[in-house]
Structures are given as structure tokens and as C-alpha cells.
Amino acid sequence: MKRRKLDPAEATANFAKGVDDRFQVATPLRALLNKVFPDHWSFLLGEIALFSFIVLLLSGVFLTLFFDPSMKEVAYHGAYPALRGTEMSAAYESSLRLSFEVRGGLFMRQMHHWAALLFMASIVVHMARVFFTGAFRKPREINWVIGVLLFLLGFFAGFTGYSLPDDGLSGTGLRIASAIMLSLPVIGTWLSASIFGGEYPGELIIGRFYIAHVLLIPGILLALISVHLGIVFKQKHTQWPGPLRTNENVVGERMFPRYAMKQGGFFMAVFGVIALMAGLFQINPIWLFGPYRAAEVSSASQPDWYVMFMDGLVRLMPNWQIYFGPYSLPPLFWPAVVGLGALFTLPMLYPWLEARKLNDTRSHHLLERPRDNPERVGIGMMALTFFVVATISGANDVIADKFHISLNAMTWAGRIGLLILPPLAYYFSVRICLGLQQHDREVLAHGVETGIIRRLPNGAFIEVHQPLGPIDDHGHPVPLEYAGWVVPKKMNKLGALAPTVKGFFFPVEKPAEAPVSPAPISTSGTREEISSKS
Amino acid sequence: MTTVHHGETGAPVDVHDPKLTRFDIVKEGLRRDDIEIVTYESQFPGPNSKAEKRIVRNIAFLFIIAGLFSLAFLVFYIVWPWKFELGHTLSDYFTPILGITLGIALFALGIGILAWAKKLLPHELSIQQRHGDPSSDEERLITGQTMMFVADELGVQRRPLLKGAIALGLAPIGLAAAAPLVGGLIENPHKGEEPMMYRTGFDPVANGGKPVRLTRDDGSPIRPEDVSAGGQMTVYPGIPGGATNKYADSPTLLIHLRADDAEKTRTAADNDKNGRNKGSMWGNYVAYSKICTHAGCPASLYEQQTNRLLCPCHQSQFLITDNAQPVFGPATRRLPMLPLSVDDEGFFVATSDFKDTVGPDFWERP
């Protein structure tokens, strides 16, 4: 009997047929392979958050295999001599063991912590991109709200996470968290007692934070991230305006292979950077802080950077206590509860507030250059300035110490700065936006400055401008309409210079001949030049 | 090198036509997905361009780097001494080596893939229609009516008894489900005769009615001469576990003031408005709760020159010579003073618990 040779191509085809018989995937799969994504570097900021989250999940699972979330008191007998014989909680002891007695444990711990910082940082930068370009407008308001919730969840994930080792620094953070709960009117003491299982610190909080940190919060994060990406996929990504680009289409490249490869490569690069940071930069050296003891704290007790704004606000708050007969409202309530609440609810509402003010009910798929909406930029800069002043104030003791400034002066500078700088930031950013708009209009009306000075018969000097569009009968440029996209402002953007020569030490290929003088510009399609390159 | 010009695609083609190239079939798929491929051209002038070969070489080099550094990572992970030892040893470099090797491996891999996508693959410009239009009015109407029909089928509107039964009868089900989840967590902060919020380890009640001694963190009692003038010491209640976190509100700062400061402090304490601090000092010694009244950090930085206590968390400052009143920062309330005395054996004791509530402020604080 003749044995049939196995033909790999045919086997693959048969397998694919079998899959389609059962799941009918051919059409949706083709649509997925063909899906077009617009491309711009700023669209990749959110990806950094996604990739950091994947690193967080991977390294976090490793850490749980060694961490013991218990507050039982044990005596330390591990590898680190300075703490031998010290009484500490099992949580702190296992964190030390993870750092010193597990091969690569410290590396994984530092990777987890750096990935968390990068996660939050990329969320903030991504949010700024979305905000300043108006990507949150209809139909994407819900995704913006989910994004704000992701920051909030990341905030709590980070806080519960760095509280777990139960070291000297994190215990102080817990104590402040308990004080913040206590500051809530009426229910404060009940809330704190319920969460800590009695009087602070009790013996339950690490176990409770642990389950929140490894199950509840990541579970919700994962669900919200999936919805976030699902909505982006369904609604299709926004794009910058430009040639061929309209509100009804997506101009870019297909998902496979180019876009997917870029994503994969970017993931590896981000992962590599996190690994480098984890190996080279020490973070949270818990063995230096010692176990948490209620009586001990050192100066320079700073939380992770994304919590510092809140700590800064708490530091700057004047000691205004409000009394209601026998009851009172501590000043801590305003920055920590009202402040945090406002910092999350106001951004969430912003898309609707802006739409209402502009009376805008249309769907927007084209982004706005920040300069084209000065009000929004002003508000965003105001919020960012507030955040930055608060964050810097969260480290005001360190700054006072390093720069030999009076600590009280730093506090006052923060208090005044928090009130004065945001409005200033608003004013200046609005003016800058208007100036940039004006410059764009000038170039569209008169053309690009060539740097060529001409002397007129009457002796006057003028600079020759290269018009971007057609000219009228008198040789004056016909003003062009602003198209919401980059206006070329230099002659080499118009092809006055040859493209870059490729090669490191010597050109790999003969460069194209550079035009000797500014080449006359064709009257149509001047802006195609810029946007077809990604 | 293929350039597809605007509007060239449009009519459907027969995909079984043997003359079609694979790219033609792809284009037919794109057409069906409402995608137009506007530009699709190689980045290189010809099939054998020098530039292309150079880029291919570079990418291959990056992949080989990635592989070599991954191997290096593995080798170092296995053979490098990693156990922590005191002093300057090779094991100090274990984590940095892991970071450098793994970081370079992943980074090179990433850059290689990116270079492949950006430098090697043809330039492409595709346009896909969004189809972001809302559903047609007709569709909306049909779906809306279908949903209303579901309500009709259930007939809740027509059957008021069911409506009432749902509201009154079934509402407790939700509460019943929530109750054990939330109820188990709730703790009454005010339970007991001596609620925990208002008591510290210095309360004589927990010590069988005897005044509680001030001790160091190892439990040894303190004589007045143990603290030199101008010096200070953190003290804990002299009861079992008094220095542990079980008594997180108890840490206290015992200060031996210089004579002139002590005089000022005593005058201020004796003229205390609510009289709580009156007679609480012993000689030139005064003891204040170390737990900041703002957010509960230990206010542990003692500035000898200005007689201020500074909390390092939020920089509240308390003036020792004036009943530890807050003089700067976010704290509103003074640090409670512990009434001091010395027992028969010459050790410091607290004659009673703190008379003000210790720790961060809250709504119902007396």
C-alpha cells in the first residue's frame, strides 16, 4: 500500500478548514487582519501602561509565591545581619527573605515596583495626551471616564501594594490612611475600626490589603482595561487631521503585520527598560527602614510619586478645624477626602461640561491640535500645575534639606503657589496657544520666510516669502484655509533641502541631488509632504 | 514595488481567477472590509538594494545580541554568587547583572522587531471607512419596541400586586446578600466601658489599678537621672507588650528640660485653660504623647534650640514650652501631656492616662 506523503501546506489548509467549519472565523479573522490603525507616536503612550500592567501581573504572581501576608510577630533569623533577632511581622520577614534568600527575588521585587511607577506615569501622560488633543470628546466620553477610574484603581493598587511589606515606611503610610478615614465626619471612627478590624493597627490589615492587592483591585483593573481596549477597538482610534483624513475614515496601516509588529517590538522595548531599571536602580530598600513600629519614623518619609500630590496637599492645608457643637471636622478631611474626590470627579465630568459649554453634540474622530482650543489647554495646564505644586510639596522637607531652605518657607511657598500658579499657567498657556494660532495664520497668508533679503529700488529691504498656495494677479499669495494640521514654517519642510542621507560613516547610497536654490513649490498638495510619512 | 492609485479598486473580482496574484486577493478582501490601500511601496529602489541588505544585517545583529544576552542572563543567573553576604562581595552585583543582561536582551529584541516593521516592510497607507453612524431610526424603533414588548410580556405594569411584591417582598433579598459581606467587617469603635479610642497603655485600669511605669522599648524602667538635661527619650507603658504595635497610641516623649525652659513650661501648664495639664510635670521633666494629633505619625524630631517638636510626615510643629500647642503646619490640636511622678523605687510612673485624646482627630472626639 502506498503511504500518502504528508503535505504541510495541505495539512494546514485542512486544519484551517476544520476550525472554520466549527467556529466560522474566516470573515471576522480577515476583518481583524485588515483593520486599519492610524499611527502617531503619541498614540503609544497608553500602550506603555498596558505593557507595564502585563509586567506587573507576571512579576506579581512570582512575588505571591514567597510573600506571607501575616502580622504574626516572629523573630528574624535570616541572611541580613543588621536585623537578626529583631521582632517583626511575618509579612516583613517574608519580604526580607524574598529580597535576600530567593534567587533573583530582589530583581523581581524591584521590577514589580518600577513597573508600578511606570504604569502610573504612563497613565498620567496618556491622559494628558487624550485631554489636550480633545480625544475624550463624543463618542469617547465613557472611555475617558474608565481611564480616570483606571488611574484611581492604580492609585489604590499602588498604595495597598507598598503597604504589604509592613516596613517602617509603609506602616507610617497606613497610619496616615487610618487618620484620613478617621477625619470623615460621623462615620470616620466606624470606618477605620471596620477596615483595621479594631483599633489601629490591629492584626488584620495586611491580610486584608493583600487580598485587595492581588485579587480585587487587579481583577477590576483587568476588567476595566479590557473594556477600555474593547471600546477603542469598536469605536476605532482617533486620528490627526491631514490629507485624505476625514471624520468618517481611518487613515493608517493595517493591523497585520506592520502595526502588530510595532506593538510587539514596543512591548519588548518597554519590558527591557523596566528590566534595566529593576537591575540598576534600587527602589524601596525595606531592610533599611526596619520593621514598622508606631514610635519610629525618619524624615524624608515620602510615598510613591503618584501619592505625593495628596501628601503635599495634606502638608499645605492650614490647620482649620470646623466645630459643630461637640463635634468637629479635622483639617485633614479637606485635602485628603474632598481633594482626592475632586481630583477624580472633576476630570470625569469634563467631557460633558465642555460639550455643554460649546453646545457640541457631534461625534469627533479627528483630533484637535492643542493650540486650536486654548481654553481647554488653559484648564489642563491649570490642573497639571496644581498637581505638580502639590507633588513637589509632598517632598518639601527633602527639598528644604537638600537646598538649605527653611521648611516653613517651603510650606508657605507651596500654599501660595497652589493658589497663584494655576491661574498664571492658565493665562500663559492660553496666550501661547493664541500666539501659535496667529503664527500659523501668518504663514498661511504670506508664505514661509526664505531668509532671502531683497533690496528694493527705493532702497528698502524686504524678506522674500515663499507662498504655500497659489498667487493672485499681483503676485500676492492667496490666503489658505487652516486645515487643523501642521503648517510648514521652514523652507526645508518644503523640499528646499534633499532628504537625509542614509548611512553612519559614509552614505550607503548616492544621495539625491539637492536643489541649489529653493525649488518652486507646486501649488497643490503642499501638505501631503508632511503627513504621509509616519 | 507596487503603487495602487486612488480609486483603482472598486469592482469585485473573481478570487478563483488563476491569473490573480496573492496581493490581488488581499485587495479583494480589503475591498470587502471597506478598506482602500492607497500607497503600498517598497522602501528600497530595487530588489537587491544595498540599503535593504544593510538593514537586514542590522536586524539580524540585534536578534543575535538579544539571544546572546539572554544566554548571558541564564548563565549569570545560575553561576553568579547571589546569596547576600555582609560587606562588599560579588553577590552585590547579582541584581544589576540580571537587569543589564535581561534589559539589553529584551531591548535589542524590541528594537529589532521595530526596525523590521519600520525599515523593512513596505510603506503603506490604507483608508478604512469608520461606519460610526448610529443605527437607523427604524432599527432603533424596532429594538425599542422589542424591549417594551418584553415588559408587556412580563406584565408588571398590568399587575400591581406583583409590582408591590417586588418592591416590598424582594428588596430584602439584596440586603440579605449584602449583610454578611459588610456586617462581619463592622466594628464598634466605642464598645466597652473604656473605649479603645480614648485609652492608651498608660491607663492604670489595665495594670490592676497601679500607676504604669515608663519604660524603654526593652521594658526596663527609667530613673530621672537616665535623661540628661536638654535630652529626650521615647518611652512606652511598662506593661506586657507595651512597646509593641498593640499599643500604637502609647509611645511618649519624655523630655528633661533645662531649668529656665522648665519654668516656662510649668507656668504654661499650670495656667492651662481647661486645667488638664496642671501639675503634670515632675521636676524639670515633661512627657508628651509622641503620636501627632494631625495624622498619627510619631512627632519625633526634637529641636533643642527652639523647643519645638516637628512631625516629619506633614511638618506640624509643637511648642514644648507651651503645652505642646501647634505653632506651624496642619495640626490643630496640642499633643496630650502625660502626668508624671516617681514611685517608691525611684522610677518614672504615669499617675494617670493622658487626659486629652491621643492621636489623629475625629468627628466625635470629646
# chains A, B, ... in the order shown; residues from 1 in each chain; ligands from 1
>>> residues_around(residues="Val205 of chain B", least_positions_apart="2", cutoff="12 Å", atoms="only C-alpha atoms", output="NGL selection string")
:B and (193-194 or 199-203 or 207-212 or 239 or 351-353)
>>> write_last_selection(atoms="N, CA and C atoms", output="compact mmCIF listing (two decimals), in the first residue's frame")
# COMPACT_ATOMS: atom_id res chain seq x y z
N GLU B 193 -16.49 49.66 78.32
CA GLU B 193 -16.62 50.79 79.23
C GLU B 193 -15.55 51.82 79.00
N GLU B 194 -14.38 51.35 78.60
CA GLU B 194 -13.27 52.24 78.33
C GLU B 194 -12.93 52.12 76.86
N ARG B 199 -8.11 55.49 75.15
CA ARG B 199 -7.28 54.88 76.17
C ARG B 199 -5.93 54.50 75.60
N THR B 200 -4.91 54.59 76.39
CA THR B 200 -3.61 54.10 75.95
C THR B 200 -3.10 53.09 76.97
N GLY B 201 -1.89 52.60 76.74
CA GLY B 201 -1.32 51.61 77.66
C GLY B 201 -0.96 52.19 79.02
N PHE B 202 -1.05 53.52 79.17
CA PHE B 202 -0.70 54.14 80.45
C PHE B 202 -1.88 54.17 81.42
N ASP B 203 -3.03 53.66 80.95
CA ASP B 203 -4.21 53.66 81.81
C ASP B 203 -3.99 52.67 82.95
N ASN B 207 -3.61 47.89 84.42
CA ASN B 207 -2.46 47.46 85.20
C ASN B 207 -2.87 47.13 86.63
N GLY B 208 -4.12 46.72 86.77
CA GLY B 208 -4.61 46.38 88.10
C GLY B 208 -4.75 47.59 89.01
N GLY B 209 -4.92 48.76 88.44
CA GLY B 209 -5.14 49.95 89.24
C GLY B 209 -3.86 50.64 89.68
N LYS B 210 -2.71 49.98 89.47
CA LYS B 210 -1.44 50.62 89.85
C LYS B 210 -0.98 51.56 88.75
N PRO B 211 -0.32 52.66 89.10
CA PRO B 211 0.21 53.54 88.05
C PRO B 211 1.21 52.78 87.17
N VAL B 212 1.19 53.09 85.89
CA VAL B 212 2.04 52.37 84.94
C VAL B 212 3.40 53.05 84.86
N ILE B 239 3.94 47.73 80.62
CA ILE B 239 3.02 46.59 80.75
C ILE B 239 3.43 45.59 79.68
N THR B 351 0.87 59.02 86.53
CA THR B 351 -0.12 58.98 87.59
C THR B 351 -1.50 58.65 87.05
N SER B 352 -1.74 58.94 85.78
CA SER B 352 -3.00 58.51 85.16
C SER B 352 -2.74 58.42 83.67
N ASP B 353 -3.78 58.05 82.93
CA ASP B 353 -3.65 58.04 81.47
C ASP B 353 -3.60 59.49 80.99
>>> residues_around(residues="segment 326-332 of chain A", least_positions_apart="4", cutoff="9 Å", atoms="only C-alpha atoms", output="list in words")
Ala179, Ile180, Leu182, Ser183, Leu184, Pro185, Val186, Val314, Met317, Pro318, Asn319, Trp320, Gln321, Ile322, Ala336 and Val337 of chain A; His294, Ala295, Pro330, Ala331, Thr332, Pro360, Asp361, Phe362, Trp363, Glu364, Arg365 and Pro366 of chain B
>>> closest_residue(among="A:Tyr76, A:Tyr210, A:Phe151, A:Tyr259", to="chain B", atoms="only C-alpha atoms")
A:Tyr259
>>> closest_residue(among="A:Ala13, A:Met181, A:Ile432, A:Leu57", to="chain B", atoms="only C-alpha atoms")
A:Met181
>>> atom_distance(atom1="atom CA of Ala105 of chain B", atom2="atom CA of Leu62 of chain B")
8.9 Å
>>> residues_around(residues="Gln232 of chain B", least_positions_apart="6", cutoff="10 Å", atoms="only C-alpha atoms", output="list in words")
Asp226, Leu253, Leu254, Ile255, His256, Leu257, Tyr285, Val286, Ala287, Tyr302 and Gln304 of chain B
>>> write_last_selection(atoms="N, CA and C atoms", output="JSON list (two decimals), in the first residue's frame")
[["chain", "number", "residue", "atom", "x", "y", "z"],
["B", 226, "ASP", "N", 18.45, 59.13, 84.24],
["B", 226, "ASP", "CA", 18.77, 58.48, 82.96],
["B", 226, "ASP", "C", 18.65, 59.44, 81.79],
["B", 253, "LEU", "N", 7.04, 60.90, 74.51],
["B", 253, "LEU", "CA", 8.36, 61.51, 74.52],
["B", 253, "LEU", "C", 8.59, 62.13, 75.90],
["B", 254, "LEU", "N", 9.61, 61.61, 76.59],
["B", 254, "LEU", "CA", 9.96, 62.13, 77.92],
["B", 254, "LEU", "C", 11.11, 63.11, 77.72],
["B", 255, "ILE", "N", 10.91, 64.36, 78.17],
["B", 255, "ILE", "CA", 11.91, 65.39, 77.93],
["B", 255, "ILE", "C", 12.40, 65.95, 79.25],
["B", 256, "HIS", "N", 13.70, 66.05, 79.38],
["B", 256, "HIS", "CA", 14.29, 66.70, 80.55],
["B", 256, "HIS", "C", 14.67, 68.12, 80.13],
["B", 257, "LEU", "N", 13.88, 69.09, 80.59],
["B", 257, "LEU", "CA", 14.09, 70.47, 80.14],
["B", 257, "LEU", "C", 15.18, 71.14, 80.95],
["B", 285, "TYR", "N", 10.98, 67.61, 84.29],
["B", 285, "TYR", "CA", 10.62, 66.62, 83.28],
["B", 285, "TYR", "C", 9.19, 66.84, 82.80],
["B", 286, "VAL", "N", 9.00, 66.67, 81.50],
["B", 286, "VAL", "CA", 7.66, 66.72, 80.95],
["B", 286, "VAL", "C", 7.54, 65.60, 79.93],
["B", 287, "ALA", "N", 6.34, 65.05, 79.79],
["B", 287, "ALA", "CA", 6.14, 63.95, 78.83],
["B", 287, "ALA", "C", 4.93, 64.26, 77.96],
["B", 302, "TYR", "N", 13.00, 66.49, 67.64],
["B", 302, "TYR", "CA", 13.01, 67.44, 68.73],
["B", 302, "TYR", "C", 14.09, 68.48, 68.46],
["B", 304, "GLN", "N", 16.15, 71.13, 69.88],
["B", 304, "GLN", "CA", 16.51, 71.55, 71.22],
["B", 304, "GLN", "C", 16.53, 73.08, 71.36]]
>>> residues_around(residues="segment 175-191 of chain B", least_positions_apart="6", cutoff="10 Å", atoms="only C-alpha atoms", output="list in words")
Gly188, Thr189, Trp190, Leu191, Ser192, Ala193, Ser194, Ile195, Phe196, Gly197, Gly198 and Glu199 of chain A; Met197 and Tyr198 of chain B
>>> write_last_selection(atoms="C-alpha atoms", output="mmCIF file, in the first residue's frame")
data_model
loop_
_atom_site.group_PDB
_atom_site.id
_atom_site.type_symbol
_atom_site.label_atom_id
_atom_site.label_comp_id
_atom_site.auth_asym_id
_atom_site.auth_seq_id
_atom_site.Cartn_x
_atom_site.Cartn_y
_atom_site.Cartn_z
ATOM 1 C CA GLY A 188 -14.870 58.143 60.495
ATOM 2 C CA THR A 189 -14.171 56.082 63.610
ATOM 3 C CA TRP A 190 -16.514 53.336 62.447
ATOM 4 C CA LEU A 191 -14.859 53.139 59.048
ATOM 5 C CA SER A 192 -11.352 52.968 60.468
ATOM 6 C CA ALA A 193 -12.344 50.393 63.091
ATOM 7 C CA SER A 194 -14.074 48.276 60.447
ATOM 8 C CA ILE A 195 -11.210 48.335 57.993
ATOM 9 C CA PHE A 196 -8.481 47.712 60.547
ATOM 10 C CA GLY A 197 -10.644 45.256 62.480
ATOM 11 C CA GLY A 198 -10.499 47.289 65.683
ATOM 12 C CA GLU A 199 -8.030 49.892 66.867
ATOM 13 C CA MET B 197 -10.171 55.280 71.105
ATOM 14 C CA TYR B 198 -9.710 57.153 74.350
#
>>> closest_atom_pairs(of="segment 163-265 of chain A", to="segment 241-252 of chain B", cutoff="10 Å", atoms="only C-alpha atoms", output="CSV")
residue,atom,partner,partner_atom,distance
A:Arg175,CA,B:Ala248,CA,9.6
A:Glu199,CA,B:Lys246,CA,8.7
A:Tyr200,CA,B:Ala248,CA,7.1
A:Pro201,CA,B:Asn245,CA,7.0
A:Gly202,CA,B:Lys246,CA,6.8
A:Glu203,CA,B:Lys246,CA,8.6
>>> write_last_selection(atoms="C-alpha atoms", output="short mmCIF file (atom, residue, chain, number, x, y, z; two decimals), in the first residue's frame")
data_model
loop_
_atom_site.label_atom_id
_atom_site.label_comp_id
_atom_site.auth_asym_id
_atom_site.auth_seq_id
_atom_site.Cartn_x
_atom_site.Cartn_y
_atom_site.Cartn_z
CA ARG A 175 -1.19 55.21 59.95
CA GLU A 199 -8.03 49.89 66.87
CA TYR A 200 -5.15 50.79 64.58
CA PRO A 201 -3.09 48.84 63.56
CA GLY A 202 -4.70 45.59 64.69
CA GLU A 203 -3.60 42.31 63.20
#
>>> select_by_dssp(residues="segment 42-258 of chain B", states="helix (DSSP H, G or I)", output="number ranges by chain")
B: 50-79, 90-120, 137-154, 160-183, 196-198, 204-207, 224-226, 245-247
>>> write_last_selection(atoms="C-alpha atoms", output="tab-separated table (two decimals), in the first residue's frame")
chain	number	residue	atom	x	y	z
B	50	LYS	CA	22.43	47.92	-0.61
B	51	ALA	CA	20.35	49.80	1.92
B	52	GLU	CA	18.00	46.87	2.32
B	53	LYS	CA	20.84	44.42	2.87
B	54	ARG	CA	22.34	46.74	5.45
B	55	ILE	CA	19.08	46.94	7.37
B	56	VAL	CA	18.61	43.19	7.22
B	57	ARG	CA	22.14	42.80	8.60
B	58	ASN	CA	21.42	45.24	11.42
B	59	ILE	CA	18.19	43.50	12.40
B	60	ALA	CA	19.90	40.10	12.38
B	61	PHE	CA	22.65	41.59	14.53
B	62	LEU	CA	20.07	42.89	17.03
B	63	PHE	CA	18.40	39.48	17.22
B	64	ILE	CA	21.75	37.80	17.81
B	65	ILE	CA	22.53	40.34	20.54
B	66	ALA	CA	19.16	39.52	22.12
B	67	GLY	CA	19.97	35.82	22.04
B	68	LEU	CA	23.49	36.26	23.41
B	69	PHE	CA	22.36	38.43	26.29
B	70	SER	CA	19.53	36.04	27.11
B	71	LEU	CA	22.12	33.28	27.35
B	72	ALA	CA	24.33	35.52	29.44
B	73	PHE	CA	21.33	36.19	31.72
B	74	LEU	CA	20.81	32.46	32.18
B	75	VAL	CA	24.49	31.77	32.82
B	76	PHE	CA	24.84	34.57	35.36
B	77	TYR	CA	21.56	33.59	36.97
B	78	ILE	CA	22.92	30.10	37.53
B	79	VAL	CA	26.59	30.59	38.32
B	90	LEU	CA	30.42	39.66	44.29
B	91	SER	CA	26.83	38.98	45.24
B	92	ASP	CA	26.27	42.78	45.30
B	93	TYR	CA	26.40	42.68	41.52
B	94	PHE	CA	23.88	39.87	41.05
B	95	THR	CA	20.79	42.05	40.65
B	96	PRO	CA	22.49	44.66	38.41
B	97	ILE	CA	23.84	41.89	36.18
B	98	LEU	CA	20.40	40.33	35.85
B	99	GLY	CA	18.98	43.75	34.97
B	100	ILE	CA	21.64	44.60	32.41
B	101	THR	CA	21.58	41.25	30.62
B	102	LEU	CA	17.80	40.83	30.55
B	103	GLY	CA	17.27	44.51	29.81
B	104	ILE	CA	19.65	44.53	26.84
B	105	ALA	CA	18.24	41.23	25.54
B	106	LEU	CA	14.65	42.46	25.59
B	107	PHE	CA	15.52	45.92	24.38
B	108	ALA	CA	17.53	44.59	21.43
B	109	LEU	CA	14.71	42.22	20.55
B	110	GLY	CA	12.23	45.07	20.71
B	111	ILE	CA	14.33	47.42	18.60
B	112	GLY	CA	14.95	44.61	16.11
B	113	ILE	CA	11.24	43.98	15.66
B	114	LEU	CA	10.55	47.72	15.44
B	115	ALA	CA	13.28	48.16	12.82
B	116	TRP	CA	11.81	45.26	10.83
B	117	ALA	CA	8.38	46.86	10.89
B	118	LYS	CA	9.52	50.38	10.22
B	119	LYS	CA	12.51	49.99	7.91
B	120	LEU	CA	11.93	46.76	6.05
B	137	ASP	CA	-34.22	55.25	13.22
B	138	GLU	CA	-36.02	52.16	12.03
B	139	GLU	CA	-33.60	49.85	13.81
B	140	ARG	CA	-33.82	51.91	16.97
B	141	LEU	CA	-37.58	51.80	16.81
B	142	ILE	CA	-37.66	48.03	16.37
B	143	THR	CA	-35.22	47.39	19.22
B	144	GLY	CA	-37.04	49.83	21.48
B	145	GLN	CA	-40.39	48.23	20.76
B	146	THR	CA	-38.91	44.78	21.31
B	147	MET	CA	-37.72	45.84	24.73
B	148	MET	CA	-41.08	47.36	25.56
B	149	PHE	CA	-42.70	44.15	24.38
B	150	VAL	CA	-40.59	42.20	26.86
B	151	ALA	CA	-42.00	44.45	29.58
B	152	ASP	CA	-45.51	43.85	28.18
B	153	GLU	CA	-44.95	40.11	28.26
B	154	LEU	CA	-43.89	40.25	31.88
B	160	PRO	CA	-49.82	46.00	40.53
B	161	LEU	CA	-49.71	43.27	43.13
B	162	LEU	CA	-46.52	41.89	41.56
B	163	LYS	CA	-45.05	45.37	41.44
B	164	GLY	CA	-45.65	45.81	45.13
B	165	ALA	CA	-44.39	42.34	45.90
B	166	ILE	CA	-41.16	43.02	44.05
B	167	ALA	CA	-40.61	46.31	45.83
B	168	LEU	CA	-41.52	45.11	49.28
B	169	GLY	CA	-41.03	41.38	49.11
B	170	LEU	CA	-37.80	41.05	47.16
B	171	ALA	CA	-35.86	44.10	48.30
B	172	PRO	CA	-34.69	42.34	51.48
B	173	ILE	CA	-33.02	39.66	49.34
B	174	GLY	CA	-30.43	42.19	48.20
B	175	LEU	CA	-29.90	43.39	51.74
B	176	ALA	CA	-29.64	39.82	52.94
B	177	ALA	CA	-26.89	39.18	50.42
B	178	ALA	CA	-25.01	42.33	51.39
B	179	ALA	CA	-25.42	41.97	55.14
B	180	PRO	CA	-22.97	39.13	55.79
B	181	LEU	CA	-20.43	40.69	53.42
B	182	VAL	CA	-20.44	44.04	55.15
B	183	GLY	CA	-21.78	43.15	58.59
B	196	MET	CA	-10.15	51.94	72.86
B	197	MET	CA	-10.17	55.28	71.11
B	198	TYR	CA	-9.71	57.15	74.35
B	204	PRO	CA	-3.80	52.22	85.33
B	205	VAL	CA	-7.05	50.22	84.90
B	206	ALA	CA	-5.27	47.72	82.65
B	207	ASN	CA	-2.46	47.46	85.20
B	224	PRO	CA	15.10	60.64	86.32
B	225	GLU	CA	18.92	60.68	86.10
B	226	ASP	CA	18.77	58.48	82.96
B	245	ASN	CA	2.29	47.98	67.89
B	246	LYS	CA	-0.57	46.66	70.01
B	247	TYR	CA	-0.22	49.93	71.91
>>> residues_around(residues="segment 245-253 of chain A", least_positions_apart="3", cutoff="8 Å", atoms="only C-alpha atoms", output="ChimeraX atom specification")
/A:36-39,236-242,258-259,364-366 /B:124-132
>>> residues_around(residues="Trp114 of chain A", least_positions_apart="6", cutoff="12 Å", atoms="only C-alpha atoms", output="JSON list (two decimals) with C-alpha atoms, in the first residue's frame")
[["chain", "number", "residue", "atom", "x", "y", "z"],
["A", 52, "SER", "CA", 3.68, 47.74, 32.41],
["A", 53, "PHE", "CA", 0.47, 46.13, 33.62],
["A", 55, "VAL", "CA", 4.86, 43.02, 33.63],
["A", 56, "LEU", "CA", 3.08, 43.76, 36.92],
["A", 59, "SER", "CA", 6.21, 39.67, 38.44],
["A", 60, "GLY", "CA", 3.37, 39.96, 40.96],
["A", 107, "PHE", "CA", 15.23, 41.67, 41.00],
["A", 108, "MET", "CA", 11.60, 40.62, 40.70],
["A", 120, "MET", "CA", 1.02, 55.25, 36.80],
["A", 121, "ALA", "CA", 3.35, 57.63, 34.98],
["A", 158, "GLY", "CA", -0.08, 51.01, 44.46],
["A", 162, "TYR", "CA", 3.60, 49.17, 49.07],
["A", 270, "VAL", "CA", 9.33, 48.70, 27.43],
["A", 271, "PHE", "CA", 9.90, 45.37, 29.16],
["A", 272, "GLY", "CA", 13.63, 45.77, 28.56],
["A", 273, "VAL", "CA", 13.67, 49.26, 30.07],
["A", 274, "ILE", "CA", 11.79, 48.01, 33.14],
["A", 275, "ALA", "CA", 14.29, 45.15, 33.49],
["A", 276, "LEU", "CA", 17.22, 47.57, 33.24],
["A", 277, "MET", "CA", 15.70, 49.84, 35.87],
["A", 278, "ALA", "CA", 14.91, 46.87, 38.11],
["A", 279, "GLY", "CA", 18.52, 45.74, 37.98],
["A", 280, "LEU", "CA", 20.29, 49.06, 38.17],
["A", 281, "PHE", "CA", 18.18, 51.36, 40.32],
["A", 282, "GLN", "CA", 17.41, 50.41, 43.87],
["A", 283, "ILE", "CA", 13.83, 51.01, 44.91],
["A", 284, "ASN", "CA", 12.19, 50.69, 48.32],
["A", 304, "ASP", "CA", 5.35, 56.64, 45.85],
["A", 305, "TRP", "CA", 5.24, 59.56, 43.45]]
>>> closest_residue(among="B:Ser341, B:Asn323, B:Thr234, B:Asn271", to="chain A", atoms="only C-alpha atoms")
B:Thr234
>>> closest_residue(among="B:Arg334, B:His314, B:Arg22, B:Arg213", to="chain A", atoms="only C-alpha atoms")
B:His314
>>> select_by_dssp(residues="segment 172-360 of chain A", states="strand (DSSP E or B)", output="PyMOL selection string")
chain A and resi 239+249-254+291+322-324+327-329
>>> decode(residues="segment 64-84 of chain A", atoms="N, CA and C atoms", output="short mmCIF file (atom, residue, chain, number, x, y, z; two decimals), in the first residue's frame")
data_model
loop_
_atom_site.label_atom_id
_atom_site.label_comp_id
_atom_site.auth_asym_id
_atom_site.auth_seq_id
_atom_site.Cartn_x
_atom_site.Cartn_y
_atom_site.Cartn_z
N THR A 64 3.90 36.59 44.99
CA THR A 64 2.94 35.95 45.91
C THR A 64 3.40 34.58 46.34
N LEU A 65 4.27 33.94 45.54
CA LEU A 65 4.69 32.59 45.89
C LEU A 65 5.59 32.58 47.13
N PHE A 66 6.11 33.76 47.49
CA PHE A 66 7.04 33.80 48.61
C PHE A 66 6.53 34.66 49.76
N PHE A 67 5.57 35.54 49.47
CA PHE A 67 5.14 36.50 50.48
C PHE A 67 4.14 35.88 51.44
N ASP A 68 4.28 36.21 52.72
CA ASP A 68 3.36 35.68 53.74
C ASP A 68 2.59 36.86 54.33
N PRO A 69 1.32 37.03 53.95
CA PRO A 69 0.58 38.23 54.38
C PRO A 69 0.08 38.09 55.81
N SER A 70 0.96 37.97 56.75
CA SER A 70 0.52 37.77 58.13
C SER A 70 1.22 38.77 59.05
N MET A 71 0.51 39.21 60.09
CA MET A 71 1.09 40.17 61.02
C MET A 71 1.55 39.49 62.29
N LYS A 72 1.64 38.16 62.25
CA LYS A 72 2.13 37.42 63.40
C LYS A 72 3.56 37.87 63.69
N GLU A 73 3.87 38.07 64.97
CA GLU A 73 5.22 38.52 65.33
C GLU A 73 6.18 37.35 65.29
N VAL A 74 7.28 37.52 64.58
CA VAL A 74 8.33 36.49 64.57
C VAL A 74 9.66 37.18 64.82
N ALA A 75 10.64 36.39 65.22
CA ALA A 75 12.00 36.94 65.37
C ALA A 75 12.76 36.63 64.09
N TYR A 76 13.55 37.58 63.62
CA TYR A 76 14.23 37.41 62.34
C TYR A 76 15.52 36.62 62.54
N HIS A 77 15.71 35.59 61.71
CA HIS A 77 16.96 34.84 61.74
C HIS A 77 17.52 34.68 60.34
N GLY A 78 17.27 35.64 59.48
CA GLY A 78 17.63 35.47 58.07
C GLY A 78 19.04 35.90 57.74
N ALA A 79 19.23 36.19 56.47
CA ALA A 79 20.57 36.43 55.96
C ALA A 79 21.08 37.84 56.24
N TYR A 80 20.20 38.75 56.58
CA TYR A 80 20.61 40.15 56.75
C TYR A 80 20.99 40.38 58.20
N PRO A 81 22.28 40.53 58.48
CA PRO A 81 22.73 40.52 59.89
C PRO A 81 22.18 41.67 60.72
N ALA A 82 21.99 42.84 60.10
CA ALA A 82 21.63 44.01 60.90
C ALA A 82 20.29 43.84 61.62
N LEU A 83 19.44 42.98 61.12
CA LEU A 83 18.11 42.85 61.73
C LEU A 83 17.94 41.54 62.50
N ARG A 84 19.01 40.73 62.58
CA ARG A 84 18.85 39.43 63.23
C ARG A 84 18.42 39.61 64.68
#
